[in-house]
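In what follows, a single structure is set out as structure tokens and then discussed.
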Amino acid sequence: NKIEHIAGSGVGVNGDTKKPLNLTEVSNGYGLQDETHTGTIHTYDAKNGTSNATLMTDSDTIFNDKNQAAGVDAHFNAAKTYDYYLNTHQRDSYDGNGAEINSIVHYDKNYNNAFWNGQYMVYGDGDGQTFTSLSAADDVVAHELTHAVTEHSAHLVYENQPGALNESMSDVFGYFVDPDDWLMGEDVYTPGKDGDGLRSLSNPEQYNQPAHMNAYQDLPNTEQGDYGGVHINSGIPNKAAYLTISKIGKEKSEAIYYRALTQYLSSNASFLDAKFALKQAASDIYGANSTEEQEVVNAWNSVGVS
Ligand SMILES: O=C(O)[C@H](CCc1ccccc1)CC1(C(=O)N[C@@H](Cc2c[nH]c3ccccc23)C(=O)O)CCCC1
Ligand SMILES: [Zn+2]
């Protein structure tokens, strides 16, 4: 039977209380181990190293130490994203088969980034200027976990147009999990400044991303060139998503995007392939020549994918 799990609470990086924080009793107290889903969620602490990490624990069920805050956020936001995919799309974890979700926080020193390494989500603490601990942003956590969903579905190759689509899917599902604003990473980007973010879906140009094919950036497929500008050219599909959501709403859009991602997109999809995948998904759900289908087509035409 399930080991004893406890609902505790914690304080996040931005000073907010995260409750419930699903814990499991371990030898020296309680661990960030959430047994409330098919897939267990574990949150580990790399203690500012880059090689190993241990489960974050506390002697009681209140995780309110400063050095626990990044773990509290990673743990809570992983559960929030797990619940989003399960409750909204009936997808049980990122693989649809109840895979465990494991995160590592306090990765390296002043590390201004986060990533999905194929097994774990890994979060830096930032340098306190450009970023604070990146797990504090629910849209960043959803962004990383959506890379895992994409890997287990469309498997969009991480370069050039398929790579920019991969990036865009992560930003778009980041929005669906955190629909309060059109910004990506606003809760952790420049902690000293309010109202800005890493990227904007509504206005990609604000952060030097193209929002139309006529501004597509042909960059080299190298690490230096961001593998053909996957974090740059994602502005174009991001803008198309913003236009679609603005026209037909979040609920219809997320159903269309999820169906396209899991049923129609394949690993080398171009922006044009994405337009047809989303058009087909809209047609399947809302009918051929439906308003929803037409608005998807209009959005992609507006960004020059025609
Ligand atoms: O998941 C991703 O696409 C990004 C993964 C970046 C990465 C890849 C491989 C090894 C290490 C790191 C991480 C995020 C990202 O968009 N990073 C961008 C922007 C960025 C963040 N920190 C940076 C520091 C320097 C330059 C760019 C950046 C990037 O790495 O380009 C996603 C949400 C927030 C951070
Ligand atoms: Zn990404």
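Within each chain, counting starts at residue 1; across the structure tokens, chains are named A, B, ... in the order shown, with ligands numbered 1 upward in that order.
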Report task. May I have the residues within 10 Å of ligand 1, computed using only C-alpha atoms and all ligand atoms, as number ranges by chain? Result -> A: 111-117, 121-124, 126, 130-131, 134-135, 137, 139-147, 158, 163-164, 166-168, 170-171, 174, 184-186, 188-189, 197-199, 223-227, 229-232
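Neighbours of segment 19-32 of chain A closer than or equal to 8 Å, with only C-alpha atoms counted and sequence neighbours fewer than 3 positions away skipped, come out as Ile3, Glu4, His5, Ile6, Ala7, Gly8, Ser9, Gly10, Glu35, Thr36, Ile41, His42, Thr43, Tyr44, Leu55, Met56, Thr57, Asp58, Ser59, Asp60, Thr61, Gly71, Val72, His75 and Phe76 of chain A.
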Report summary line: Across A:Asn298, A:Gln209, A:Asn160, A:Ser283, the smallest distance to Ala260 of chain A, with only C-alpha atoms counted, is shown by A:Ser283
Query raised in the report: With distances taken over only C-alpha atoms, which of A:His37, A:His155, A:Arg259, A:His212 is nearest to Asn87 of chain A?
Result: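 Smallest distance to Asn87 of chain A is found for A:His37.
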Query raised in the report: Any idea what's packed within 9 Å of segment 240-255 of chain A, counting only C-alpha atoms, ignoring anything in its chain fewer than 6 positions away? Could you give it as a VMD selection string?
Result: chain A and resid 88 to 89 168 172 to 173 176 179 182 201 to 203 211 281 to 282 285 to 286 291 to 292 295 to 303
Query raised in the report: Residues at most 8 Å from segment 99-101 of chain A, counting only C-alpha atoms, excluding those fewer than 4 positions away in the same chain, as number ranges by chain?
Result: A: 38-42, 78, 92-95, 120
Same residues, all heavy atoms, output as a PDB file, in the first residue's frame:
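In the end it all went to part28.pdb:
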```pdb
ATOM      1  N   THR A  38       0.024   9.113  -9.701  1.00  0.00           N
ATOM      2  CA  THR A  38       0.606   7.835 -10.127  1.00  0.00           C
ATOM      3  C   THR A  38       2.131   7.955 -10.114  1.00  0.00           C
ATOM      4  O   THR A  38       2.838   7.135  -9.552  1.00  0.00           O
ATOM      5  CB  THR A  38       0.168   7.499 -11.574  1.00  0.00           C
ATOM      6  OG1 THR A  38      -1.220   7.731 -11.697  1.00  0.00           O
ATOM      7  CG2 THR A  38       0.504   6.075 -11.922  1.00  0.00           C
ATOM      8  N   GLY A  39       2.625   9.045 -10.733  1.00  0.00           N
ATOM      9  CA  GLY A  39       4.066   9.311 -10.777  1.00  0.00           C
ATOM     10  C   GLY A  39       4.488  10.097  -9.550  1.00  0.00           C
ATOM     11  O   GLY A  39       3.965  11.179  -9.287  1.00  0.00           O
ATOM     12  N   THR A  40       5.427   9.536  -8.789  1.00  0.00           N
ATOM     13  CA  THR A  40       5.922  10.246  -7.605  1.00  0.00           C
ATOM     14  C   THR A  40       6.721  11.463  -8.047  1.00  0.00           C
ATOM     15  O   THR A  40       7.435  11.411  -9.060  1.00  0.00           O
ATOM     16  CB  THR A  40       6.837   9.313  -6.785  1.00  0.00           C
ATOM     17  OG1 THR A  40       6.068   8.185  -6.391  1.00  0.00           O
ATOM     18  CG2 THR A  40       7.368  10.014  -5.546  1.00  0.00           C
ATOM     19  N   ILE A  41       6.578  12.564  -7.305  1.00  0.00           N
ATOM     20  CA  ILE A  41       7.365  13.773  -7.575  1.00  0.00           C
ATOM     21  C   ILE A  41       8.418  13.876  -6.483  1.00  0.00           C
ATOM     22  O   ILE A  41       8.080  13.910  -5.297  1.00  0.00           O
ATOM     23  CB  ILE A  41       6.460  15.027  -7.566  1.00  0.00           C
ATOM     24  CG1 ILE A  41       5.404  14.934  -8.677  1.00  0.00           C
ATOM     25  CG2 ILE A  41       7.294  16.297  -7.717  1.00  0.00           C
ATOM     26  CD1 ILE A  41       4.345  16.029  -8.621  1.00  0.00           C
ATOM     27  N   HIS A  42       9.698  13.884  -6.878  1.00  0.00           N
ATOM     28  CA  HIS A  42      10.792  14.060  -5.906  1.00  0.00           C
ATOM     29  C   HIS A  42      11.479  15.384  -6.200  1.00  0.00           C
ATOM     30  O   HIS A  42      11.690  15.733  -7.367  1.00  0.00           O
ATOM     31  CB  HIS A  42      11.862  12.967  -6.069  1.00  0.00           C
ATOM     32  CG  HIS A  42      11.378  11.578  -5.841  1.00  0.00           C
ATOM     33  ND1 HIS A  42      10.979  10.760  -6.877  1.00  0.00           N
ATOM     34  CD2 HIS A  42      11.237  10.857  -4.710  1.00  0.00           C
ATOM     35  CE1 HIS A  42      10.629   9.582  -6.389  1.00  0.00           C
ATOM     36  NE2 HIS A  42      10.758   9.614  -5.077  1.00  0.00           N
ATOM     37  N   ALA A  78       5.752  21.664  -9.785  1.00  0.00           N
ATOM     38  CA  ALA A  78       5.741  20.390 -10.534  1.00  0.00           C
ATOM     39  C   ALA A  78       4.383  19.707 -10.348  1.00  0.00           C
ATOM     40  O   ALA A  78       3.785  19.214 -11.313  1.00  0.00           O
ATOM     41  CB  ALA A  78       6.872  19.476 -10.050  1.00  0.00           C
ATOM     42  N   ASP A  92      -1.531  11.483 -17.933  1.00  0.00           N
ATOM     43  CA  ASP A  92      -0.955  11.121 -16.637  1.00  0.00           C
ATOM     44  C   ASP A  92       0.571  11.245 -16.700  1.00  0.00           C
ATOM     45  O   ASP A  92       1.241  10.361 -17.227  1.00  0.00           O
ATOM     46  CB  ASP A  92      -1.358   9.679 -16.278  1.00  0.00           C
ATOM     47  CG  ASP A  92      -0.972   9.321 -14.849  1.00  0.00           C
ATOM     48  OD1 ASP A  92      -0.358  10.183 -14.168  1.00  0.00           O
ATOM     49  OD2 ASP A  92      -1.262   8.202 -14.426  1.00  0.00           O
ATOM     50  N   SER A  93       1.087  12.370 -16.220  1.00  0.00           N
ATOM     51  CA  SER A  93       2.506  12.747 -16.263  1.00  0.00           C
ATOM     52  C   SER A  93       2.975  13.023 -17.687  1.00  0.00           C
ATOM     53  O   SER A  93       2.207  12.935 -18.642  1.00  0.00           O
ATOM     54  CB  SER A  93       3.397  11.684 -15.607  1.00  0.00           C
ATOM     55  OG  SER A  93       4.684  12.235 -15.340  1.00  0.00           O
ATOM     56  N   TYR A  94       4.259  13.327 -17.845  1.00  0.00           N
ATOM     57  CA  TYR A  94       4.712  13.813 -19.161  1.00  0.00           C
ATOM     58  C   TYR A  94       4.685  12.718 -20.224  1.00  0.00           C
ATOM     59  O   TYR A  94       4.614  12.981 -21.415  1.00  0.00           O
ATOM     60  CB  TYR A  94       6.093  14.474 -19.061  1.00  0.00           C
ATOM     61  CG  TYR A  94       7.201  13.599 -18.501  1.00  0.00           C
ATOM     62  CD1 TYR A  94       7.845  12.651 -19.297  1.00  0.00           C
ATOM     63  CD2 TYR A  94       7.589  13.718 -17.172  1.00  0.00           C
ATOM     64  CE1 TYR A  94       8.844  11.854 -18.791  1.00  0.00           C
ATOM     65  CE2 TYR A  94       8.600  12.922 -16.653  1.00  0.00           C
ATOM     66  CZ  TYR A  94       9.226  11.999 -17.460  1.00  0.00           C
ATOM     67  OH  TYR A  94      10.221  11.198 -16.950  1.00  0.00           O
ATOM     68  N   ASP A  95       4.754  11.465 -19.798  1.00  0.00           N
ATOM     69  CA  ASP A  95       4.741  10.372 -20.789  1.00  0.00           C
ATOM     70  C   ASP A  95       3.359   9.768 -20.959  1.00  0.00           C
ATOM     71  O   ASP A  95       3.182   8.793 -21.702  1.00  0.00           O
ATOM     72  CB  ASP A  95       5.743   9.279 -20.384  1.00  0.00           C
ATOM     73  CG  ASP A  95       5.323   8.570 -19.100  1.00  0.00           C
ATOM     74  OD1 ASP A  95       4.430   9.098 -18.391  1.00  0.00           O
ATOM     75  OD2 ASP A  95       5.893   7.503 -18.807  1.00  0.00           O
ATOM     76  N   TYR A 120      15.582  14.851 -15.610  1.00  0.00           N
ATOM     77  CA  TYR A 120      15.230  15.737 -14.482  1.00  0.00           C
ATOM     78  C   TYR A 120      14.951  17.138 -14.972  1.00  0.00           C
ATOM     79  O   TYR A 120      15.458  17.522 -16.035  1.00  0.00           O
ATOM     80  CB  TYR A 120      16.440  15.882 -13.533  1.00  0.00           C
ATOM     81  CG  TYR A 120      16.846  14.683 -12.757  1.00  0.00           C
ATOM     82  CD1 TYR A 120      17.717  13.742 -13.299  1.00  0.00           C
ATOM     83  CD2 TYR A 120      16.378  14.494 -11.460  1.00  0.00           C
ATOM     84  CE1 TYR A 120      18.108  12.630 -12.568  1.00  0.00           C
ATOM     85  CE2 TYR A 120      16.766  13.387 -10.719  1.00  0.00           C
ATOM     86  CZ  TYR A 120      17.636  12.456 -11.280  1.00  0.00           C
ATOM     87  OH  TYR A 120      18.003  11.366 -10.556  1.00  0.00           O
TER      88      TYR A 120
END
```
Query raised in the report: Quick one: residues within 8 Å of Tyr216 of chain A, only C-alpha atoms counted, chain neighbours fewer than 3 positions away excluded, as an NGL selection string?
Result: :A and (210 or 212-213 or 233 or 236)
Please write the residues from the selection above to a file, keeping N, CA and C atoms, as a tab-separated table (two decimals), in the first residue's frame.
```tsv
chain	number	residue	atom	x	y	z
A	210	PRO	N	11.33	37.92	-33.35
A	210	PRO	CA	10.47	38.25	-34.49
A	210	PRO	C	9.03	37.84	-34.17
A	212	HIS	N	6.93	37.87	-37.03
A	212	HIS	CA	6.45	37.64	-38.40
A	212	HIS	C	7.57	36.98	-39.19
A	213	MET	N	7.17	36.16	-40.16
A	213	MET	CA	8.15	35.43	-40.97
A	213	MET	C	9.15	36.36	-41.66
A	233	ASN	N	13.28	32.58	-32.84
A	233	ASN	CA	12.22	32.42	-33.84
A	233	ASN	C	10.93	31.84	-33.26
A	236	ILE	N	7.53	33.82	-33.50
A	236	ILE	CA	6.53	33.77	-34.58
A	236	ILE	C	5.36	32.83	-34.23
```
When DSSP works through the backbone of this structure, what residues of segment 76-301 of chain A end up as strand (DSSP E), shown as a PDB file with N, CA, C and O atoms, in the first residue's frame?
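The resulting part34.pdb:
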```pdb
ATOM      1  N   ILE A 101       8.359  12.436 -11.670  1.00  0.00           N
ATOM      2  CA  ILE A 101       8.833  13.770 -12.043  1.00  0.00           C
ATOM      3  C   ILE A 101       9.850  14.202 -10.993  1.00  0.00           C
ATOM      4  O   ILE A 101       9.522  14.365  -9.817  1.00  0.00           O
ATOM      5  N   ASN A 102      11.097  14.325 -11.401  1.00  0.00           N
ATOM      6  CA  ASN A 102      12.167  14.655 -10.468  1.00  0.00           C
ATOM      7  C   ASN A 102      12.815  15.985 -10.827  1.00  0.00           C
ATOM      8  O   ASN A 102      13.087  16.265 -12.005  1.00  0.00           O
ATOM      9  N   SER A 103      13.013  16.817  -9.812  1.00  0.00           N
ATOM     10  CA  SER A 103      13.613  18.148 -10.013  1.00  0.00           C
ATOM     11  C   SER A 103      14.825  18.299  -9.119  1.00  0.00           C
ATOM     12  O   SER A 103      14.883  17.724  -8.018  1.00  0.00           O
ATOM     13  N   ILE A 104      15.767  19.095  -9.600  1.00  0.00           N
ATOM     14  CA  ILE A 104      16.961  19.452  -8.834  1.00  0.00           C
ATOM     15  C   ILE A 104      17.024  20.968  -8.731  1.00  0.00           C
ATOM     16  O   ILE A 104      16.921  21.666  -9.759  1.00  0.00           O
ATOM     17  N   VAL A 105      17.150  21.479  -7.510  1.00  0.00           N
ATOM     18  CA  VAL A 105      17.288  22.929  -7.325  1.00  0.00           C
ATOM     19  C   VAL A 105      18.674  23.242  -6.777  1.00  0.00           C
ATOM     20  O   VAL A 105      19.429  22.341  -6.424  1.00  0.00           O
ATOM     21  N   ALA A 114      17.682  27.307 -16.485  1.00  0.00           N
ATOM     22  CA  ALA A 114      17.027  26.074 -16.036  1.00  0.00           C
ATOM     23  C   ALA A 114      16.967  25.163 -17.260  1.00  0.00           C
ATOM     24  O   ALA A 114      17.089  25.659 -18.391  1.00  0.00           O
ATOM     25  N   PHE A 115      16.823  23.860 -17.063  1.00  0.00           N
ATOM     26  CA  PHE A 115      16.694  22.981 -18.227  1.00  0.00           C
ATOM     27  C   PHE A 115      16.076  21.641 -17.859  1.00  0.00           C
ATOM     28  O   PHE A 115      16.064  21.246 -16.692  1.00  0.00           O
ATOM     29  N   TRP A 116      15.569  20.975 -18.866  1.00  0.00           N
ATOM     30  CA  TRP A 116      15.092  19.587 -18.784  1.00  0.00           C
ATOM     31  C   TRP A 116      16.205  18.750 -19.401  1.00  0.00           C
ATOM     32  O   TRP A 116      16.566  18.972 -20.565  1.00  0.00           O
ATOM     33  N   TYR A 120      15.582  14.851 -15.610  1.00  0.00           N
ATOM     34  CA  TYR A 120      15.230  15.737 -14.482  1.00  0.00           C
ATOM     35  C   TYR A 120      14.951  17.138 -14.972  1.00  0.00           C
ATOM     36  O   TYR A 120      15.458  17.522 -16.035  1.00  0.00           O
ATOM     37  N   MET A 121      14.221  17.907 -14.180  1.00  0.00           N
ATOM     38  CA  MET A 121      14.191  19.352 -14.371  1.00  0.00           C
ATOM     39  C   MET A 121      15.260  19.905 -13.435  1.00  0.00           C
ATOM     40  O   MET A 121      15.386  19.463 -12.294  1.00  0.00           O
ATOM     41  N   VAL A 122      16.057  20.824 -13.963  1.00  0.00           N
ATOM     42  CA  VAL A 122      17.187  21.363 -13.209  1.00  0.00           C
ATOM     43  C   VAL A 122      17.067  22.881 -13.154  1.00  0.00           C
ATOM     44  O   VAL A 122      16.807  23.509 -14.193  1.00  0.00           O
ATOM     45  N   TYR A 123      17.183  23.461 -11.948  1.00  0.00           N
ATOM     46  CA  TYR A 123      16.987  24.904 -11.784  1.00  0.00           C
ATOM     47  C   TYR A 123      18.178  25.569 -11.103  1.00  0.00           C
ATOM     48  O   TYR A 123      18.664  25.088 -10.062  1.00  0.00           O
ATOM     49  N   LEU A 183       3.472  37.137 -20.331  1.00  0.00           N
ATOM     50  CA  LEU A 183       4.928  37.100 -20.173  1.00  0.00           C
ATOM     51  C   LEU A 183       5.394  35.717 -19.740  1.00  0.00           C
ATOM     52  O   LEU A 183       4.679  34.992 -19.040  1.00  0.00           O
ATOM     53  N   MET A 184       6.613  35.379 -20.128  1.00  0.00           N
ATOM     54  CA  MET A 184       7.251  34.119 -19.711  1.00  0.00           C
ATOM     55  C   MET A 184       8.315  34.476 -18.668  1.00  0.00           C
ATOM     56  O   MET A 184       9.163  35.337 -18.930  1.00  0.00           O
ATOM     57  N   ARG A 199      10.289  36.641 -22.129  1.00  0.00           N
ATOM     58  CA  ARG A 199       9.662  36.715 -23.451  1.00  0.00           C
ATOM     59  C   ARG A 199       8.211  37.149 -23.283  1.00  0.00           C
ATOM     60  O   ARG A 199       7.640  37.020 -22.192  1.00  0.00           O
ATOM     61  N   SER A 200       7.641  37.678 -24.376  1.00  0.00           N
ATOM     62  CA  SER A 200       6.227  38.059 -24.366  1.00  0.00           C
ATOM     63  C   SER A 200       5.530  37.366 -25.531  1.00  0.00           C
ATOM     64  O   SER A 200       5.992  37.457 -26.677  1.00  0.00           O
TER      65      SER A 200
END
```
Report task. Fewer than 2 positions away in the same chain doesn't count, so skip those; otherwise give me all residues within 9 Å of Asn14 of chain A, counting only C-alpha atoms, as a ChimeraX atom specification. Result -> /A:11-12,16,69,132,136,187-188
Kindly save the residues from that selection, with N, CA, C and O atoms included, as a tab-separated table (two decimals), in the first residue's frame.
```tsv
chain	number	residue	atom	x	y	z
A	11	VAL	N	7.45	28.00	2.37
A	11	VAL	CA	7.54	29.39	1.91
A	11	VAL	C	8.42	29.43	0.66
A	11	VAL	O	9.54	28.91	0.68
A	12	GLY	N	7.89	30.00	-0.42
A	12	GLY	CA	8.59	30.06	-1.69
A	12	GLY	C	9.62	31.18	-1.76
A	12	GLY	O	9.75	31.99	-0.84
A	16	ASP	N	5.99	33.73	-0.69
A	16	ASP	CA	4.58	33.26	-0.66
A	16	ASP	C	4.49	31.88	-0.02
A	16	ASP	O	5.38	31.05	-0.17
A	69	ALA	N	13.49	27.35	0.01
A	69	ALA	CA	12.45	28.04	-0.78
A	69	ALA	C	12.41	27.57	-2.23
A	69	ALA	O	11.34	27.32	-2.79
A	132	THR	N	16.18	35.32	-10.20
A	132	THR	CA	16.21	34.66	-8.90
A	132	THR	C	15.94	33.19	-9.18
A	132	THR	O	15.79	32.80	-10.34
A	136	ALA	N	10.78	29.25	-9.04
A	136	ALA	CA	9.70	30.06	-8.45
A	136	ALA	C	8.66	30.50	-9.48
A	136	ALA	O	7.60	31.00	-9.11
A	187	ASP	N	8.00	36.03	-12.94
A	187	ASP	CA	8.15	35.91	-11.48
A	187	ASP	C	9.60	35.74	-11.03
A	187	ASP	O	9.90	35.79	-9.84
A	188	VAL	N	10.49	35.46	-11.98
A	188	VAL	CA	11.90	35.21	-11.59
A	188	VAL	C	12.89	36.09	-12.35
A	188	VAL	O	14.06	36.16	-11.98
```
